[in-house]
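Next comes run_13.csv, a file with CSV, C-alpha atoms and all ligand atoms.
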```csv
chain,number,residue,atom,x,y,z
Q,1,MET,CA,8.8,-20.3,-35.7
Q,2,ASN,CA,9.9,-16.9,-34.6
Q,3,SER,CA,12.0,-17.6,-31.5
Q,4,LEU,CA,11.0,-14.3,-29.9
Q,5,GLU,CA,7.2,-14.9,-30.3
Q,6,THR,CA,5.5,-14.0,-27.0
Q,7,ARG,CA,2.1,-15.2,-25.7
Q,8,LEU,CA,0.2,-13.2,-23.2
Q,9,GLY,CA,-2.9,-15.3,-22.7
Q,10,ARG,CA,-4.8,-15.2,-26.0
Q,11,ALA,CA,-2.6,-12.4,-27.4
Q,12,VAL,CA,0.4,-13.3,-29.5
Q,13,PHE,CA,3.2,-10.7,-30.1
Q,14,ARG,CA,6.2,-10.8,-32.4
Q,15,ASN,CA,8.6,-10.2,-29.4
Q,16,PRO,CA,8.5,-9.5,-25.7
Q,17,VAL,CA,9.5,-5.9,-25.8
Q,18,MET,CA,6.6,-3.5,-25.3
Q,19,GLY,CA,6.5,0.3,-25.4
Q,20,ALA,CA,5.1,1.2,-22.0
Q,21,SER,CA,2.0,3.4,-21.8
Q,22,GLY,CA,2.6,7.1,-21.5
Q,23,CYS,CA,6.2,6.8,-22.7
Q,24,THR,CA,5.5,5.8,-26.3
Q,25,GLY,CA,2.9,8.3,-27.2
Q,26,HIS,CA,0.3,6.6,-29.5
Q,27,GLY,CA,3.1,5.0,-31.5
Q,28,TYR,CA,2.8,7.2,-34.6
Q,29,GLU,CA,4.7,10.1,-32.9
Q,30,LEU,CA,7.8,8.0,-32.8
Q,31,ALA,CA,7.7,6.9,-36.4
Q,32,GLU,CA,10.4,9.3,-37.6
Q,33,TYR,CA,12.8,8.4,-34.8
Q,34,THR,CA,12.6,4.6,-34.7
Q,35,ASP,CA,11.5,1.4,-36.5
Q,36,LEU,CA,8.1,0.8,-35.0
Q,37,SER,CA,7.8,-2.6,-36.7
Q,38,ARG,CA,10.4,-3.8,-34.2
Q,39,TYR,CA,8.1,-3.2,-31.2
Q,40,GLY,CA,6.4,-6.3,-29.8
Q,41,ALA,CA,3.6,-4.0,-28.9
Q,42,VAL,CA,2.8,-0.4,-28.0
Q,43,SER,CA,0.5,0.3,-25.1
Q,44,LEU,CA,-1.0,3.6,-26.1
Q,45,LYS,CA,-1.2,6.5,-23.7
Q,46,THR,CA,-4.0,5.8,-21.2
Q,47,VAL,CA,-7.4,7.3,-22.2
Q,48,THR,CA,-9.7,8.1,-19.3
Q,49,TYR,CA,-13.5,8.3,-19.3
Q,50,HIS,CA,-13.4,12.0,-18.9
Q,51,ALA,CA,-10.8,14.2,-20.6
Q,52,ARG,CA,-8.1,15.2,-18.0
Q,53,PRO,CA,-5.9,18.3,-18.0
Q,54,GLY,CA,-3.3,16.5,-15.9
Q,55,ASN,CA,-1.3,17.8,-12.9
Q,56,PRO,CA,0.1,21.3,-12.6
Q,57,PRO,CA,3.7,21.8,-13.9
Q,58,GLU,CA,6.5,20.9,-13.4
Q,59,ARG,CA,5.6,17.3,-14.3
Q,60,VAL,CA,8.9,15.6,-15.2
Q,61,ASN,CA,12.4,16.0,-13.7
Q,62,GLU,CA,15.6,14.0,-13.8
Q,63,VAL,CA,16.9,12.1,-10.8
Q,64,PRO,CA,20.0,9.8,-10.6
Q,65,GLY,CA,19.4,6.8,-12.8
Q,66,GLY,CA,15.9,7.9,-13.9
Q,67,ILE,CA,13.1,10.4,-13.7
Q,68,ILE,CA,10.5,11.5,-11.2
Q,69,SER,CA,7.2,12.5,-12.8
Q,70,SER,CA,3.6,13.3,-12.1
Q,71,ILE,CA,1.6,13.7,-15.3
Q,72,GLY,CA,-1.8,13.0,-13.8
Q,73,LEU,CA,-3.1,11.1,-16.9
Q,74,GLN,CA,-3.5,14.1,-19.1
Q,75,ASN,CA,-5.5,13.1,-22.2
Q,76,PRO,CA,-8.3,14.5,-24.4
Q,77,GLY,CA,-10.9,11.8,-23.5
Q,78,PRO,CA,-12.5,9.0,-25.5
Q,79,ASP,CA,-14.3,11.0,-28.2
Q,80,VAL,CA,-11.0,12.6,-29.5
Q,81,PHE,CA,-9.1,9.4,-28.8
Q,82,LEU,CA,-11.4,7.2,-30.8
Q,83,ALA,CA,-12.1,9.6,-33.7
Q,84,GLN,CA,-8.7,11.3,-34.1
Q,85,THR,CA,-5.9,9.4,-32.4
Q,86,MET,CA,-6.7,5.8,-33.1
Q,87,PRO,CA,-6.7,6.2,-36.9
Q,88,LYS,CA,-3.2,7.5,-36.7
Q,89,SER,CA,-2.0,4.6,-34.5
Q,90,LEU,CA,-3.7,2.1,-36.8
Q,91,ALA,CA,-1.8,3.6,-39.7
Q,92,ALA,CA,1.6,3.4,-37.9
Q,93,LEU,CA,1.3,0.0,-36.2
Q,94,ASP,CA,0.1,-3.4,-37.1
Q,95,ARG,CA,-2.9,-4.9,-35.5
Q,96,ASP,CA,-0.9,-7.3,-33.3
Q,97,GLN,CA,1.1,-4.4,-31.8
Q,98,ILE,CA,-1.7,-2.2,-30.6
Q,99,VAL,CA,-2.7,-2.3,-26.9
Q,100,VAL,CA,-5.3,0.3,-25.9
Q,101,SER,CA,-4.9,1.5,-22.3
Q,102,VAL,CA,-8.1,2.7,-20.5
Q,103,ALA,CA,-8.9,4.1,-17.0
Q,104,GLY,CA,-11.9,5.3,-15.2
Q,105,ASP,CA,-13.1,6.2,-11.7
Q,106,THR,CA,-15.6,3.3,-11.5
Q,107,VAL,CA,-16.0,-0.2,-12.9
Q,108,GLU,CA,-18.8,1.2,-15.1
Q,109,GLU,CA,-16.5,3.8,-16.6
Q,110,TYR,CA,-13.8,1.3,-17.3
Q,111,VAL,CA,-16.3,-1.1,-18.9
Q,112,GLU,CA,-17.8,1.6,-21.0
Q,113,LEU,CA,-14.4,2.6,-22.4
Q,114,CYS,CA,-13.5,-1.0,-23.1
Q,115,ARG,CA,-16.9,-1.5,-24.9
Q,116,ARG,CA,-16.6,1.7,-27.0
Q,117,THR,CA,-13.0,0.8,-28.0
Q,118,VAL,CA,-13.8,-2.7,-29.0
Q,119,GLU,CA,-17.1,-1.9,-30.7
Q,120,ARG,CA,-15.2,0.4,-33.1
Q,121,TYR,CA,-11.7,-1.1,-33.3
Q,122,GLY,CA,-12.0,-4.6,-31.8
Q,123,ASP,CA,-10.8,-6.4,-34.9
Q,124,GLN,CA,-7.8,-4.0,-35.3
Q,125,ILE,CA,-6.2,-4.2,-31.9
Q,126,ALA,CA,-4.3,-6.9,-29.9
Q,127,ALA,CA,-5.7,-6.2,-26.4
Q,128,VAL,CA,-7.1,-3.7,-24.0
Q,129,GLU,CA,-5.0,-2.8,-20.9
Q,130,VAL,CA,-7.1,-1.8,-17.9
Q,131,ASN,CA,-4.9,0.7,-16.1
Q,132,ALA,CA,-5.6,0.3,-12.4
Q,133,ALA,CA,-3.0,2.7,-11.2
Q,134,CYS,CA,-5.4,5.6,-11.9
Q,135,PRO,CA,-4.6,8.4,-9.5
Q,136,ASN,CA,-8.1,9.9,-9.2
Q,137,VAL,CA,-10.7,7.2,-8.6
Q,138,ASN,CA,-13.8,7.5,-6.4
Q,139,HIS,CA,-12.3,5.6,-3.6
Q,140,GLY,CA,-8.9,7.3,-3.6
Q,141,ALA,CA,-5.6,6.9,-5.6
Q,142,GLY,CA,-4.8,3.4,-6.8
Q,143,TYR,CA,-8.0,1.9,-5.4
Q,144,TYR,CA,-8.1,-0.8,-8.1
Q,145,SER,CA,-4.4,-1.6,-7.4
Q,146,ARG,CA,-4.7,-2.0,-3.7
Q,147,ASP,CA,-8.2,-3.5,-3.0
Q,148,ALA,CA,-8.1,-7.2,-4.1
Q,149,GLN,CA,-11.9,-7.6,-4.3
Q,150,ALA,CA,-12.3,-4.3,-6.3
Q,151,ALA,CA,-9.5,-5.3,-8.6
Q,152,ARG,CA,-11.1,-8.8,-9.2
Q,153,GLU,CA,-14.5,-7.2,-9.9
Q,154,LEU,CA,-13.0,-4.7,-12.3
Q,155,VAL,CA,-11.1,-7.3,-14.3
Q,156,THR,CA,-14.1,-9.7,-14.3
Q,157,ALA,CA,-16.4,-7.0,-15.6
Q,158,ALA,CA,-13.9,-5.9,-18.3
Q,159,LYS,CA,-13.4,-9.5,-19.5
Q,160,GLU,CA,-17.2,-10.0,-19.7
Q,161,ALA,CA,-17.7,-6.8,-21.6
Q,162,VAL,CA,-15.3,-7.4,-24.5
Q,163,ASP,CA,-14.0,-10.4,-26.5
Q,164,VAL,CA,-10.5,-9.2,-26.9
Q,165,PRO,CA,-7.5,-10.1,-24.6
Q,166,VAL,CA,-7.6,-8.0,-21.4
Q,167,PHE,CA,-4.4,-7.0,-19.5
Q,168,TYR,CA,-4.6,-5.7,-15.9
Q,169,LYS,CA,-1.9,-3.0,-15.2
Q,170,PHE,CA,-1.3,-2.2,-11.6
Q,171,ASN,CA,1.1,-0.5,-9.3
Q,172,THR,CA,3.0,-2.8,-7.0
Q,173,ASN,CA,3.6,-0.1,-4.4
Q,174,PHE,CA,0.9,-1.3,-2.0
Q,175,GLU,CA,1.9,-3.8,0.7
Q,176,ASN,CA,-0.7,-6.3,-0.4
Q,177,TYR,CA,0.3,-6.3,-4.0
Q,178,LEU,CA,0.8,-10.1,-4.0
Q,179,GLU,CA,-2.8,-10.6,-2.6
Q,180,VAL,CA,-4.2,-8.3,-5.3
Q,181,ALA,CA,-2.3,-10.1,-8.1
Q,182,ALA,CA,-3.4,-13.5,-6.9
Q,183,ALA,CA,-7.0,-12.4,-6.8
Q,184,VAL,CA,-6.8,-11.0,-10.4
Q,185,SER,CA,-4.9,-14.0,-11.6
Q,186,GLU,CA,-8.0,-16.2,-10.6
Q,187,THR,CA,-10.1,-14.3,-13.2
Q,188,GLY,CA,-8.0,-15.8,-16.0
Q,189,VAL,CA,-6.9,-12.3,-17.1
Q,190,ASP,CA,-4.6,-12.6,-20.2
Q,191,ALA,CA,-1.7,-10.8,-18.4
Q,192,ILE,CA,-0.9,-8.9,-15.3
Q,193,TYR,CA,1.2,-5.8,-16.2
Q,194,THR,CA,3.2,-4.3,-13.4
Q,195,SER,CA,4.3,-0.7,-12.9
Q,196,ASN,CA,7.0,-1.1,-10.3
Q,197,THR,CA,7.5,2.6,-9.6
Q,198,PRO,CA,8.0,3.6,-6.0
Q,199,MET,CA,7.0,7.2,-5.0
Q,200,GLY,CA,9.7,9.8,-4.6
Q,201,LEU,CA,10.4,13.4,-3.9
Q,202,LYS,CA,12.9,16.0,-5.3
Q,203,ILE,CA,13.4,19.4,-3.9
Q,204,ASP,CA,14.9,22.4,-5.8
Q,205,ILE,CA,17.5,23.7,-3.3
Q,206,ARG,CA,17.6,27.2,-4.8
Q,207,LYS,CA,13.8,27.7,-4.8
Q,208,LYS,CA,13.5,25.6,-1.6
Q,209,ARG,CA,10.5,23.9,-3.0
Q,210,PRO,CA,9.6,20.5,-4.4
Q,211,VAL,CA,10.3,20.4,-8.2
Q,212,LEU,CA,7.0,18.7,-9.1
Q,213,GLY,CA,3.8,20.7,-9.1
Q,214,ASN,CA,2.2,17.7,-7.5
Q,215,VAL,CA,5.0,17.6,-4.9
Q,216,VAL,CA,5.5,13.8,-5.1
Q,217,GLY,CA,5.5,11.3,-8.0
Q,218,PRO,CA,6.6,7.9,-9.1
Q,219,VAL,CA,10.3,7.3,-9.8
Q,220,CYS,CA,11.1,5.3,-12.9
Q,221,GLY,CA,14.2,4.4,-14.9
Q,222,SER,CA,17.2,2.1,-14.2
Q,223,ALA,CA,17.5,3.3,-10.6
Q,224,ILE,CA,14.4,1.3,-9.7
Q,225,ARG,CA,15.0,-1.9,-11.7
Q,226,PRO,CA,16.2,-4.0,-8.8
Q,227,ILE,CA,13.0,-3.2,-7.0
Q,228,GLY,CA,11.0,-4.2,-10.0
Q,229,MET,CA,13.0,-7.4,-10.2
Q,230,LEU,CA,12.2,-8.4,-6.6
Q,231,ARG,CA,8.5,-7.7,-7.2
Q,232,ILE,CA,8.4,-9.8,-10.4
Q,233,TRP,CA,10.3,-12.6,-8.6
Q,234,ASN,CA,7.7,-12.6,-5.8
Q,235,LEU,CA,4.7,-12.3,-8.1
Q,236,TYR,CA,5.8,-15.2,-10.2
Q,237,GLN,CA,5.3,-17.4,-7.2
Q,238,VAL,CA,1.7,-16.4,-6.6
Q,239,VAL,CA,0.1,-15.9,-10.1
Q,240,SER,CA,-0.7,-18.4,-12.8
Q,241,VAL,CA,-1.1,-15.9,-15.7
Q,242,PRO,CA,1.7,-14.2,-17.7
Q,243,LEU,CA,3.4,-11.2,-16.1
Q,244,VAL,CA,4.6,-8.1,-17.9
Q,245,ALA,CA,7.4,-6.2,-16.0
Q,246,SER,CA,8.0,-2.5,-16.3
Q,247,GLY,CA,10.5,-0.5,-14.3
Q,248,GLY,CA,13.9,0.5,-15.5
Q,249,ALA,CA,14.4,-1.8,-18.5
Q,250,SER,CA,16.7,-0.2,-21.1
Q,251,THR,CA,18.9,-3.1,-22.5
Q,252,TRP,CA,18.5,-6.6,-23.8
Q,253,GLU,CA,20.2,-7.9,-20.7
Q,254,ASP,CA,17.6,-6.1,-18.5
Q,255,VAL,CA,14.8,-7.9,-20.5
Q,256,ILE,CA,16.5,-11.3,-20.0
Q,257,GLU,CA,17.0,-10.6,-16.3
Q,258,TYR,CA,13.3,-9.8,-15.9
Q,259,MET,CA,12.3,-12.9,-17.8
Q,260,LEU,CA,14.5,-15.1,-15.6
Q,261,ALA,CA,12.7,-13.7,-12.6
Q,262,GLY,CA,9.3,-14.5,-14.1
Q,263,ALA,CA,8.2,-11.9,-16.6
Q,264,THR,CA,6.9,-13.1,-20.0
Q,265,ALA,CA,7.2,-9.7,-21.5
Q,266,VAL,CA,8.8,-6.4,-20.6
Q,267,GLY,CA,7.6,-2.8,-20.9
Q,268,VAL,CA,10.2,-0.2,-21.8
Q,269,GLY,CA,9.1,3.2,-20.7
Q,270,SER,CA,11.2,6.3,-19.9
Q,271,ALA,CA,14.4,4.9,-21.5
Q,272,GLN,CA,12.8,5.9,-24.8
Q,273,PHE,CA,12.9,9.6,-23.8
Q,274,ALA,CA,16.7,9.7,-24.0
Q,275,HIS,CA,17.0,7.1,-26.7
Q,276,PRO,CA,13.9,6.9,-28.9
Q,277,ASP,CA,15.5,4.1,-30.9
Q,278,ILE,CA,16.1,1.9,-27.9
Q,279,VAL,CA,13.5,-0.7,-28.5
Q,280,PRO,CA,14.8,-1.9,-31.8
Q,281,GLN,CA,18.3,-2.1,-30.3
Q,282,ILE,CA,17.0,-4.2,-27.4
Q,283,VAL,CA,15.2,-6.5,-29.8
Q,284,SER,CA,18.3,-6.9,-31.9
Q,285,GLY,CA,20.2,-7.8,-28.8
Q,286,LEU,CA,17.6,-10.5,-27.9
Q,287,GLU,CA,17.8,-12.0,-31.4
Q,288,GLU,CA,21.6,-12.2,-31.1
Q,289,TYR,CA,21.2,-13.8,-27.7
Q,290,VAL,CA,18.9,-16.6,-28.8
Q,291,ARG,CA,21.2,-17.3,-31.7
Q,292,ARG,CA,24.2,-17.5,-29.5
Q,293,GLU,CA,22.5,-19.6,-26.9
Q,294,GLY,CA,20.8,-21.9,-29.5
Q,295,LEU,CA,17.4,-21.3,-28.1
Q,296,ASP,CA,14.3,-22.3,-30.0
Q,297,SER,CA,12.2,-20.0,-28.0
Q,298,LEU,CA,13.1,-17.1,-25.7
Q,299,SER,CA,10.0,-17.9,-23.6
Q,300,THR,CA,11.8,-21.0,-22.2
Q,301,LEU,CA,13.6,-18.5,-19.9
Q,302,VAL,CA,10.5,-17.3,-18.1
Q,303,GLY,CA,10.9,-17.9,-14.4
Q,304,ALA,CA,14.0,-20.1,-15.1
Q,305,ALA,CA,15.9,-18.6,-12.2
Q,306,HIS,CA,13.4,-20.1,-9.7
Q,307,ALA,CA,14.4,-23.7,-10.5
Q,401,LIG,C1,5.9,10.5,-18.2
Q,401,LIG,C2,5.2,9.2,-17.9
Q,401,LIG,C3,3.9,9.0,-18.2
Q,401,LIG,C4,3.3,7.8,-18.0
Q,401,LIG,N1,2.0,7.6,-18.3
Q,401,LIG,C5,1.4,6.4,-18.1
Q,401,LIG,C6,0.0,6.2,-18.5
Q,401,LIG,O1,-0.6,7.0,-19.1
Q,401,LIG,N2,-0.5,4.9,-18.3
Q,401,LIG,C7,0.2,3.9,-17.7
Q,401,LIG,O2,-0.3,2.8,-17.5
Q,401,LIG,N3,1.5,4.1,-17.3
Q,401,LIG,C8,2.1,5.3,-17.5
Q,401,LIG,N4,3.4,5.5,-17.1
Q,401,LIG,C9,4.1,4.4,-16.4
Q,401,LIG,C10,5.0,3.6,-17.5
Q,401,LIG,O3,4.1,3.0,-18.4
Q,401,LIG,C11,5.9,2.6,-16.8
Q,401,LIG,O4,5.1,1.6,-16.2
Q,401,LIG,C12,6.8,3.2,-15.8
Q,401,LIG,O5,7.4,4.4,-16.3
Q,401,LIG,C13,8.0,2.2,-15.5
Q,401,LIG,O6,8.8,1.9,-16.6
Q,401,LIG,P1,10.2,2.7,-16.9
Q,401,LIG,O7,11.0,2.6,-15.6
Q,401,LIG,O8,10.8,1.8,-18.0
Q,401,LIG,O9,9.9,4.1,-17.3
Q,401,LIG,C14,4.0,6.7,-17.3
Q,401,LIG,C15,5.4,6.9,-17.0
Q,401,LIG,C16,6.0,8.2,-17.3
Q,401,LIG,C17,7.4,8.3,-16.9
```
Show me, as structure tokens, the structure contained in the file I just sent.
Amino acid sequence: MNSLETRLGRAVFRNPVMGASGCTGHGYELAEYTDLSRYGAVSLKTVTYHARPGNPPERVNEVPGGIISSIGLQNPGPDVFLAQTMPKSLAALDRDQIVVSVAGDTVEEYVELCRRTVERYGDQIAAVEVNAACPNVNHGAGYYSRDAQAARELVTAAKEAVDVPVFYKFNTNFENYLEVAAAVSETGVDAIYTSNTPMGLKIDIRKKRPVLGNVVGPVCGSAIRPIGMLRIWNLYQVVSVPLVASGGASTWEDVIEYMLAGATAVGVGSAQFAHPDIVPQIVSGLEEYVRREGLDSLSTLVGAAHA
């Protein structure tokens, strides 16, 4: 058996290192910079029900130990995504690596996107990821990340609509994130994927103005990893489904640390901007680690620090 094999509900991946949505393109863009076959999975850039131009520039800026960004889910919408983007992702990645990330303003929009994706590509993808951190929903930003009942209804509807594994990705910034995760866990969702990215602000002291066109934005990168660690630690105690951690992972040691806290898999996001070949390096480090430790399966580490 492959000692890095990773199960997220019904989905089985070659290893626990996943390219996080929005930081890994659609996979194929990275093909000339890295070995995509070493990715456990790639969550493709989120596609929304309506095409979105995204937020006004500037959208990305460096901060100590990471970046602050506010992209606003720019994407060309489902028609272009399904007809033009997906074929390129399918050519670059294997079936077990492709996770399609979707977002809408209402449950109906999410469900419709899941349906359309699975109707056309259901037998060629590993899972759909319902991105609940959508900034522009009918009920206000992050509604499906902060309202437990709405989140449960969303995931239940998505699971009923399609017969592929479903992941729920949410932002843990809201005070009730444990309550939301517990409610979603009860649906039997295949995995809960966390974006542990607190909001931040950076001001350009020469222009005397915020650097981001949207003024504020989430902070990601290694600066926030201890925050993500604590949230995964807390989540592990209240959910009964696998957790995927994202927030500041850039080394194999970071992945092990997140696993010991309770994550079954780890999303690597912005670290790829500086080092597009980082994921294969992390996976090699994990392979070396299981050899050194004599582990049959890396997954035996999940939550081990709680014992
Ligand atoms: C530029 C940028 C774009 C992103 N776009 C998306 C997106 O479209 N969908 C999504 O679910 N998450 C998106 N994210 C969040 C990442 O997937 C990830 O959860 C977050 O950056 C934390 O991981 P990191 O610290 O390793 O970057 C984006 C992050 C960044 C920095």
Exercise for the section: Find, counting all atoms listed in the file, the residue in Q:Leu260, Q:Val215, Q:Ala83, Q:Leu30 that gets nearest to Leu230 of chain Q. Expected result: Q:Leu260
Practice task
May I ask you to write as a count of residues only all residues lying at most 7 Å from ligand LIG 401 (chain Q), with all atoms listed in the file counted?
Solution key: 33
Fill in the blank from the handout: Shortest contact to Lys159 of chain Q, candidates Q:Val111, Q:Ile203, Q:Ala132, Q:Leu36, atoms counted only C-alpha atoms, goes to Q:Val111
Handout entry: One-decimal distance in Å that lies between atom CA of Phe273 of chain Q and atom CA of Pro57 of chain Q
Key = 18.2 Å
Handout entry: Between atom CA of Gly142 of chain Q and atom CA of Pro56 of chain Q - distance in Å to one decimal
Key =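 Spanning atom CA of Pro56 of chain Q to atom CA of Gly142 of chain Q is a straight-line distance of 19.4 Å.
For Glu179 of chain Q, the list of residues within 9 Å, based on only C-alpha atoms and with local chain neighbours fewer than 2 positions off taken out, reads Arg146, Asp147, Ala148, Glu175, Asn176, Tyr177, Ala181, Ala182, Ala183, Val184 and Val238 of chain Q.
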Practice task
Kindly indicate which residue among Q:Arg209, Q:Arg59, Q:Arg10, Q:His306 lies nearest to Val189 of chain Q, using only C-alpha atoms for the distances.
Solution key: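 Looking at the shortest contact to Val189 of chain Q, the residue is Q:Arg10.
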Problem - Spatial neighbours of Val166 of chain Q, 10 Å, only C-alpha atoms, chain gap at least 3 places, as a PyMOL selection string - result: chain Q and resi 8-11+99-101+114+126-130+155-156+158-160+162-163+169+188-192
Exercise for the section: Could you give me, as a count of residues only, the residues that sit within 12 Å of (-5.9, 5.7, -36.3) in the file's coordinates, counting only C-alpha atoms? Expected result: 28
Problem - Residues near Ile232 of chain Q, cut-off 8 Å, only C-alpha atoms, skip fewer than 3 positions along chain, as a list in words - result: Gly228, Met229, Leu235, Tyr236, Leu243, Ala245, Tyr258, Ala261, Gly262 and Ala263 of chain Q
